[in-house]
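Text of protein13.csv (CSV, C-alpha atoms) as supplied:
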chain,number,residue,atom,x,y,z
A,4,MET,CA,-3.3,8.1,28.0
A,5,ALA,CA,-0.5,5.8,26.9
A,6,GLN,CA,0.4,5.5,23.2
A,7,ILE,CA,1.0,1.7,23.1
A,8,GLY,CA,-0.7,-1.1,25.1
A,9,PHE,CA,0.3,-4.8,25.2
A,10,ILE,CA,-2.1,-7.5,26.1
A,11,GLY,CA,0.0,-10.6,26.9
A,12,MET,CA,3.6,-10.8,28.1
A,13,GLY,CA,4.8,-14.1,26.7
A,14,ASN,CA,8.2,-14.2,24.9
A,15,MET,CA,7.0,-12.1,21.9
A,16,GLY,CA,5.0,-9.6,23.9
A,17,TYR,CA,7.9,-9.0,26.2
A,18,ALA,CA,10.3,-8.7,23.3
A,19,MET,CA,8.1,-6.2,21.6
A,20,LEU,CA,7.7,-4.2,24.8
A,21,ARG,CA,11.5,-4.1,25.4
A,22,GLY,CA,12.1,-3.1,21.8
A,23,SER,CA,9.5,-0.4,22.0
A,24,LEU,CA,11.5,1.2,24.8
A,25,LYS,CA,14.2,2.0,22.3
A,26,ASN,CA,11.9,4.4,20.4
A,27,PHE,CA,9.3,5.3,23.0
A,28,ASP,CA,9.4,6.6,26.6
A,29,LYS,CA,8.2,4.1,29.2
A,30,ALA,CA,5.4,6.6,30.1
A,31,ASP,CA,4.0,6.0,26.6
A,32,ILE,CA,3.6,2.2,27.2
A,33,ILE,CA,1.2,0.1,29.3
A,34,PHE,CA,0.8,-3.7,29.5
A,35,THR,CA,-1.3,-6.4,31.1
A,36,ASP,CA,-0.9,-10.2,31.7
A,37,VAL,CA,-2.8,-12.8,33.6
A,38,ASN,CA,0.4,-13.9,35.4
A,39,GLU,CA,0.7,-11.5,38.4
A,40,GLN,CA,4.3,-12.7,39.2
A,41,ARG,CA,5.4,-12.0,35.6
A,42,VAL,CA,3.7,-8.6,35.6
A,43,LYS,CA,5.6,-7.6,38.7
A,44,LYS,CA,8.9,-8.9,37.3
A,45,ILE,CA,8.5,-7.0,34.1
A,46,TYR,CA,7.5,-3.8,35.9
A,47,ASP,CA,10.5,-4.1,38.2
A,48,GLU,CA,12.8,-4.6,35.1
A,49,THR,CA,11.4,-1.9,32.9
A,50,GLY,CA,9.4,0.5,34.9
A,51,VAL,CA,6.6,0.3,32.4
A,52,ARG,CA,3.1,0.7,34.0
A,53,PHE,CA,0.8,-2.3,34.1
A,54,VAL,CA,-3.0,-2.3,34.3
A,55,GLU,CA,-5.3,-4.9,35.8
A,56,SER,CA,-7.4,-6.0,32.8
A,57,ASN,CA,-7.5,-6.3,29.0
A,58,ALA,CA,-10.3,-3.8,28.9
A,59,GLU,CA,-8.4,-1.3,30.9
A,60,CYS,CA,-5.4,-1.8,28.6
A,61,ALA,CA,-7.5,-1.2,25.5
A,62,ASN,CA,-9.1,1.8,27.0
A,63,GLY,CA,-5.8,3.3,27.9
A,64,CYS,CA,-3.9,3.3,24.6
A,65,LYS,CA,-4.2,4.0,20.9
A,66,TYR,CA,-1.9,1.2,19.5
A,67,LEU,CA,-3.1,-2.1,21.0
A,68,VAL,CA,-0.8,-5.1,20.6
A,69,LEU,CA,-2.6,-8.5,21.0
A,70,ALA,CA,0.3,-10.6,22.0
A,71,VAL,CA,-1.6,-13.8,23.1
A,72,LYS,CA,-1.7,-17.2,21.6
A,73,PRO,CA,-4.5,-18.0,19.1
A,74,GLN,CA,-6.4,-20.2,21.5
A,75,TYR,CA,-6.9,-17.2,23.8
A,76,TYR,CA,-8.0,-14.7,21.1
A,77,SER,CA,-11.7,-15.3,21.5
A,78,ASP,CA,-11.7,-14.4,25.2
A,79,VAL,CA,-9.5,-11.4,24.7
A,80,LEU,CA,-11.7,-10.1,21.9
A,81,LYS,CA,-14.7,-10.4,24.1
A,82,ASN,CA,-13.0,-8.2,26.7
A,83,ILE,CA,-12.2,-5.4,24.2
A,84,GLU,CA,-14.8,-5.6,21.5
A,85,ASN,CA,-17.0,-2.9,23.1
A,86,ILE,CA,-14.0,-0.7,23.9
A,87,VAL,CA,-11.9,-0.3,20.8
A,88,THR,CA,-12.9,2.5,18.4
A,89,ARG,CA,-12.0,3.7,14.9
A,90,GLU,CA,-9.2,5.6,16.5
A,91,HIS,CA,-7.4,2.5,17.7
A,92,VAL,CA,-4.8,0.6,15.8
A,93,ILE,CA,-5.0,-3.1,16.6
A,94,ILE,CA,-1.8,-5.1,16.1
A,95,SER,CA,-2.3,-8.9,16.0
A,96,ILE,CA,0.7,-11.3,16.1
A,97,ALA,CA,-1.2,-14.6,16.0
A,98,PRO,CA,-0.7,-17.1,13.1
A,99,GLY,CA,-3.9,-18.2,11.4
A,100,ILE,CA,-6.0,-15.2,12.4
A,101,THR,CA,-6.7,-12.9,9.4
A,102,ILE,CA,-7.5,-9.2,9.2
A,103,ASP,CA,-11.1,-10.1,8.2
A,104,ASN,CA,-11.4,-12.5,11.2
A,105,LEU,CA,-10.6,-9.6,13.5
A,106,LYS,CA,-12.8,-7.1,11.7
A,107,GLU,CA,-15.7,-9.5,11.9
A,108,ARG,CA,-15.3,-9.4,15.7
A,109,LEU,CA,-14.2,-5.9,16.3
A,110,GLY,CA,-16.0,-4.0,13.4
A,111,PHE,CA,-15.1,-3.5,9.8
A,112,ASP,CA,-14.2,0.1,10.4
A,113,LYS,CA,-11.3,-0.9,12.7
A,114,LYS,CA,-7.7,-0.4,11.7
A,115,ILE,CA,-5.9,-3.8,11.9
A,116,VAL,CA,-2.3,-4.7,11.4
A,117,ARG,CA,-1.4,-8.4,11.1
A,118,ALA,CA,2.2,-9.2,12.0
A,119,MET,CA,4.5,-12.1,12.5
A,120,PRO,CA,7.6,-11.3,14.5
A,121,ASN,CA,10.0,-14.0,15.8
A,122,THR,CA,11.8,-14.8,19.0
A,123,PRO,CA,15.2,-13.3,18.0
A,124,ALA,CA,13.4,-10.1,18.8
A,125,LEU,CA,14.5,-10.9,22.4
A,126,VAL,CA,18.0,-9.9,21.5
A,127,GLY,CA,17.1,-7.1,19.1
A,128,GLU,CA,17.5,-9.2,15.9
A,129,GLY,CA,13.9,-10.1,15.1
A,130,MET,CA,12.4,-10.3,11.6
A,131,SER,CA,8.8,-9.3,11.3
A,132,GLY,CA,6.4,-9.5,8.4
A,133,ILE,CA,3.5,-7.2,8.6
A,134,CYS,CA,0.4,-6.6,6.4
A,135,PHE,CA,-2.3,-3.9,6.5
A,136,ASP,CA,-4.4,-1.7,4.3
A,137,GLN,CA,-2.1,1.3,4.0
A,138,LYS,CA,-4.9,3.6,2.8
A,139,ALA,CA,-6.7,3.1,6.2
A,140,PHE,CA,-3.8,4.7,8.2
A,141,THR,CA,-2.5,8.2,8.6
A,142,LEU,CA,1.1,8.9,7.9
A,143,ASP,CA,1.7,9.4,11.7
A,144,GLU,CA,0.1,6.0,12.4
A,145,LEU,CA,2.3,4.3,9.7
A,146,SER,CA,5.4,5.9,11.3
A,147,VAL,CA,4.5,4.7,14.8
A,148,ILE,CA,3.9,1.1,13.5
A,149,GLU,CA,7.3,1.1,11.8
A,150,LYS,CA,8.9,2.4,15.0
A,151,ILE,CA,7.3,-0.3,17.1
A,152,PHE,CA,8.6,-3.1,14.9
A,153,SER,CA,12.0,-1.6,14.1
A,154,GLY,CA,12.7,-1.4,17.8
A,155,PHE,CA,13.5,-5.1,18.0
A,156,GLY,CA,14.8,-5.9,14.5
A,157,LYS,CA,13.9,-5.7,10.9
A,158,VAL,CA,10.4,-5.3,9.4
A,159,HIS,CA,9.0,-5.8,5.9
A,160,ALA,CA,5.5,-5.3,4.6
A,161,VAL,CA,4.0,-8.2,2.6
A,162,GLU,CA,0.6,-9.0,1.1
A,163,GLU,CA,-1.6,-10.9,3.5
A,164,ARG,CA,-1.8,-13.9,1.3
A,165,LEU,CA,2.0,-14.4,2.1
A,166,MET,CA,1.7,-14.3,5.9
A,167,ASP,CA,1.5,-18.1,6.3
A,168,ALA,CA,4.7,-18.3,4.3
A,169,VAL,CA,6.2,-15.7,6.5
A,170,VAL,CA,5.5,-18.0,9.5
A,171,CYS,CA,7.5,-20.6,7.7
A,172,ALA,CA,10.4,-18.4,6.6
A,173,SER,CA,11.0,-16.5,9.9
A,174,GLY,CA,8.2,-17.1,12.5
A,175,SER,CA,8.8,-20.8,13.2
A,176,SER,CA,12.2,-21.3,11.6
A,177,PRO,CA,14.4,-20.2,14.6
A,178,ALA,CA,13.5,-23.5,16.1
A,179,TYR,CA,15.1,-25.3,13.1
A,180,VAL,CA,18.2,-23.2,13.4
A,181,TYR,CA,18.6,-24.0,17.1
A,182,MET,CA,18.2,-27.7,16.2
A,183,PHE,CA,21.0,-27.3,13.6
A,184,ILE,CA,23.2,-25.5,16.1
A,185,GLU,CA,22.6,-28.2,18.7
A,186,ALA,CA,23.3,-31.1,16.3
A,187,LEU,CA,26.4,-29.6,14.9
A,188,ALA,CA,27.7,-28.7,18.4
A,189,ASP,CA,27.0,-32.3,19.5
A,190,SER,CA,29.0,-33.6,16.6
A,191,ALA,CA,31.9,-31.3,17.5
A,192,VAL,CA,31.7,-32.5,21.2
A,193,LYS,CA,32.0,-36.1,19.8
A,194,TYR,CA,35.4,-35.2,18.5
A,195,GLY,CA,36.7,-33.5,21.7
A,196,ILE,CA,35.6,-29.9,21.6
A,197,PRO,CA,34.2,-28.8,25.0
A,198,ARG,CA,30.4,-28.2,24.8
A,199,ASN,CA,30.4,-24.5,25.7
A,200,LEU,CA,33.2,-23.9,23.2
A,201,ALA,CA,31.4,-25.9,20.5
A,202,TYR,CA,28.2,-23.8,20.9
A,203,GLN,CA,30.4,-20.6,20.5
A,204,PHE,CA,32.1,-21.9,17.4
A,205,VAL,CA,28.8,-23.1,15.8
A,206,ALA,CA,26.6,-20.1,16.8
A,207,GLN,CA,29.1,-17.6,15.6
A,208,THR,CA,29.4,-19.4,12.4
A,209,VAL,CA,25.7,-19.2,11.9
A,210,ILE,CA,25.8,-15.4,12.6
A,211,GLY,CA,28.7,-14.9,10.2
A,212,SER,CA,27.1,-17.0,7.5
A,213,ALA,CA,23.8,-15.1,7.7
A,214,LYS,CA,25.6,-11.8,7.5
A,215,MET,CA,27.5,-13.0,4.4
A,216,VAL,CA,24.1,-13.7,2.7
A,217,LEU,CA,22.7,-10.3,3.7
A,218,LYS,CA,25.7,-8.2,3.0
A,219,SER,CA,27.5,-9.8,0.1
A,220,GLY,CA,24.6,-9.9,-2.3
A,221,LYS,CA,25.7,-13.3,-3.5
A,222,HIS,CA,23.4,-16.3,-3.9
A,223,PRO,CA,23.6,-18.8,-1.0
A,224,ALA,CA,24.7,-21.5,-3.5
A,225,GLU,CA,27.6,-19.3,-4.6
A,226,LEU,CA,28.7,-18.7,-1.0
A,227,LYS,CA,28.5,-22.5,-0.4
A,228,ASP,CA,30.7,-23.1,-3.5
A,229,MET,CA,33.3,-20.7,-2.1
A,230,VAL,CA,33.7,-23.0,0.9
A,231,CYS,CA,33.8,-26.2,-1.1
A,232,SER,CA,37.4,-26.8,-2.3
A,233,PRO,CA,37.8,-29.5,-4.9
A,234,ALA,CA,38.2,-32.9,-3.3
A,235,GLY,CA,38.1,-31.2,0.1
A,236,THR,CA,36.5,-31.7,3.5
A,237,THR,CA,33.5,-29.5,2.9
A,238,ILE,CA,32.3,-31.0,-0.4
A,239,ALA,CA,32.5,-34.4,1.3
A,240,ALA,CA,30.3,-33.1,4.1
A,241,VAL,CA,27.9,-31.5,1.6
A,242,GLU,CA,27.6,-34.9,-0.2
A,243,ALA,CA,26.6,-36.5,3.1
A,244,LEU,CA,24.0,-33.8,3.7
A,245,GLU,CA,22.5,-34.5,0.3
A,246,GLU,CA,22.6,-38.2,0.8
A,247,TYR,CA,20.7,-38.0,4.1
A,248,GLY,CA,18.1,-35.5,2.8
A,249,PHE,CA,19.1,-32.3,4.5
A,250,ARG,CA,17.3,-30.0,2.0
A,251,ASN,CA,14.3,-32.3,1.7
A,252,ALA,CA,13.9,-32.3,5.5
A,253,ILE,CA,13.8,-28.5,5.6
A,254,MET,CA,11.3,-28.4,2.8
A,255,LYS,CA,9.1,-31.0,4.5
A,256,ALA,CA,9.3,-29.0,7.7
A,257,THR,CA,8.1,-25.9,5.8
A,258,ASP,CA,5.2,-27.9,4.3
A,259,ALA,CA,4.1,-29.1,7.8
A,260,CYS,CA,4.4,-25.5,9.2
A,261,TYR,CA,2.4,-24.1,6.2
A,262,ASP,CA,-0.3,-26.7,6.4
A,263,LYS,CA,-0.7,-26.1,10.2
A,264,CYS,CA,-1.2,-22.4,9.5
A,265,VAL,CA,-3.9,-23.1,6.9
A,266,ASN,CA,-5.7,-25.5,9.3
A,267,MET,CA,-5.6,-22.9,12.1
A,268,LYS,CA,-7.1,-20.4,9.8
A,269,LYS,CA,-9.9,-22.7,8.8
A,270,LYS,CA,-10.7,-23.5,12.4
A,271,THR,CA,-10.8,-19.8,13.2
A,272,GLU,CA,-13.1,-19.1,10.3
A,273,GLU,CA,-15.4,-22.0,11.3
A,274,ASN,CA,-15.7,-20.5,14.8

Could I get this structure in the form of structure tokens?
Amino acid sequence: MAQIGFIGMGNMGYAMLRGSLKNFDKADIIFTDVNEQRVKKIYDETGVRFVESNAECANGCKYLVLAVKPQYYSDVLKNIENIVTREHVIISIAPGITIDNLKERLGFDKKIVRAMPNTPALVGEGMSGICFDQKAFTLDELSVIEKIFSGFGKVHAVEERLMDAVVCASGSSPAYVYMFIEALADSAVKYGIPRNLAYQFVAQTVIGSAKMVLKSGKHPAELKDMVCSPAGTTIAAVEALEEYGFRNAIMKATDACYDKCVNMKKKTEEN
């Protein structure tokens, strides 16, 4: 019997599987996916064993990761609801689907972890928020959960009421960062920098700036002020960002993301 099973091999499922290989042997992992070509590709790349169905995956592991999109959850739960036991640990990564939602379908005695990783997990730099009832898990189970998520980045436990905000802070926000990188690179190309070089300059600047926030302990505003010389180029650029609503655009994007999470949760509860 494997230790960890993955249902779904989209970007997140694949990133989590690859990350798990840092802390677990490939013999401890199984997976399944509806796309046979993708299954073969992942098997060829990793050597991780695949199984033919969701039910077989659930039956063959203790830690079961549901790495499918919310619209497919109902079908997946039908496949596994008569198979999972109190010994299983179910890890869900879908936005808008609460622990209570899953317990209503799978049983209130089930051990559920709700998580929100993000796509930088694909390069080992993910940020995951997780929530669960710690009292329901053994120390060994808690250790395995931490090892699963730390294999592809950082992980932090939060209260479930904050999970929609976690989607805003880290789950969806890589898309905004990529848009920023693209826009800034485009503007550099306009002034003559070759495109590939522009992406290198901008992307490395994002990496470095993020590390400054994480490692310096300084407030982002203080770090911004360190770049803004009096009457200099940077403060002129910051003034333009303020004039055109840079901060407000980010906040409005977060509002839209949060509202979508709430609406998804309502629809799930209605169904």

Mind listing whatever residues come within 7 Å of the point (0.0, -4.2, 6.8)? Use all atoms listed in the file, file coordinates, and give them as a list in words.
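With a cut-off of 7 Å, the residues come to Val116, Arg117, Ile133, Cys134, Phe135, Asp136, Gln137 and Ala160 of chain A.
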
Spatial neighbours of Val126 (chain A), max dist 12 Å, all atoms listed in the file, sep filter under 3 positions, as a CSV table (one decimal) with C-alpha atoms, in the frame of the given file:
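Result went into out14.csv, see below:
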chain,number,residue,atom,x,y,z
A,14,ASN,CA,8.2,-14.2,24.9
A,15,MET,CA,7.0,-12.1,21.9
A,17,TYR,CA,7.9,-9.0,26.2
A,18,ALA,CA,10.3,-8.7,23.3
A,19,MET,CA,8.1,-6.2,21.6
A,21,ARG,CA,11.5,-4.1,25.4
A,22,GLY,CA,12.1,-3.1,21.8
A,121,ASN,CA,10.0,-14.0,15.8
A,122,THR,CA,11.8,-14.8,19.0
A,123,PRO,CA,15.2,-13.3,18.0
A,129,GLY,CA,13.9,-10.1,15.1
A,130,MET,CA,12.4,-10.3,11.6
A,154,GLY,CA,12.7,-1.4,17.8
A,155,PHE,CA,13.5,-5.1,18.0
A,156,GLY,CA,14.8,-5.9,14.5

List the neighbours of Ile7 (chain A) out to 7 Å using only C-alpha atoms; skip same-chain residues closer than 3 positions along the sequence, and give me the result as a list in words.
Asp31, Ile32, Ile33, Cys64, Lys65, Tyr66 and Leu67 of chain A

Applying 8 Å and only C-alpha atoms, which residues near Leu105 (chain A) remain after dropping the ones on its own chain fewer than 5 positions away? List them as a list of chain:residue names.
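Everything that qualifies: A:Ile100, A:Gly110, A:Ile115.
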
Hey, can you pull every residue with an atom no more than 12 Å from (28.9, -21.9, 2.8), using only C-alpha atoms, and send it as a JSON list (two decimals) with C-alpha atoms, keeping the file's coordinate frame?
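Below is the file point.json, written as the result:
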[["chain", "number", "residue", "atom", "x", "y", "z"],
["A", 208, "THR", "CA", 29.40, -19.40, 12.40],
["A", 209, "VAL", "CA", 25.70, -19.20, 11.90],
["A", 211, "GLY", "CA", 28.70, -14.90, 10.20],
["A", 212, "SER", "CA", 27.10, -17.00, 7.50],
["A", 213, "ALA", "CA", 23.80, -15.10, 7.70],
["A", 214, "LYS", "CA", 25.60, -11.80, 7.50],
["A", 215, "MET", "CA", 27.50, -13.00, 4.40],
["A", 216, "VAL", "CA", 24.10, -13.70, 2.70],
["A", 221, "LYS", "CA", 25.70, -13.30, -3.50],
["A", 222, "HIS", "CA", 23.40, -16.30, -3.90],
["A", 223, "PRO", "CA", 23.60, -18.80, -1.00],
["A", 224, "ALA", "CA", 24.70, -21.50, -3.50],
["A", 225, "GLU", "CA", 27.60, -19.30, -4.60],
["A", 226, "LEU", "CA", 28.70, -18.70, -1.00],
["A", 227, "LYS", "CA", 28.50, -22.50, -0.40],
["A", 228, "ASP", "CA", 30.70, -23.10, -3.50],
["A", 229, "MET", "CA", 33.30, -20.70, -2.10],
["A", 230, "VAL", "CA", 33.70, -23.00, 0.90],
["A", 231, "CYS", "CA", 33.80, -26.20, -1.10],
["A", 232, "SER", "CA", 37.40, -26.80, -2.30],
["A", 237, "THR", "CA", 33.50, -29.50, 2.90],
["A", 238, "ILE", "CA", 32.30, -31.00, -0.40],
["A", 240, "ALA", "CA", 30.30, -33.10, 4.10],
["A", 241, "VAL", "CA", 27.90, -31.50, 1.60]]

Out of A:Val170, A:His159, A:Lys106, A:Ala206, which residue has the shortest atom-to-atom distance to Phe183 (chain A) when counting all atoms listed in the file?
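Of A:Val170, A:His159, A:Lys106, A:Ala206, the one nearest Phe183 (chain A), counting all atoms listed in the file, is A:Ala206.
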
Provide the CA of Met166 (chain A) to CA of Asn85 (chain A) distance in Å, to one decimal place.
27.8 Å

Shortest interatomic distance to Arg108 (chain A) - which of A:Ile83, A:Leu187, A:Cys264, A:Val169, counting all atoms listed in the file:
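For Arg108 (chain A), the nearest of the candidates is A:Ile83.
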
Residues within 10 Å of Ala256 (chain A), only C-alpha atoms, excluding chain neighbours under 3 positions, as a list in words:
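Listing them by chain and then by number gives Cys171, Ser175, Ser176, Tyr179, Arg250, Asn251, Ala252, Ile253, Ala259, Cys260, Tyr261 and Asp262 of chain A.
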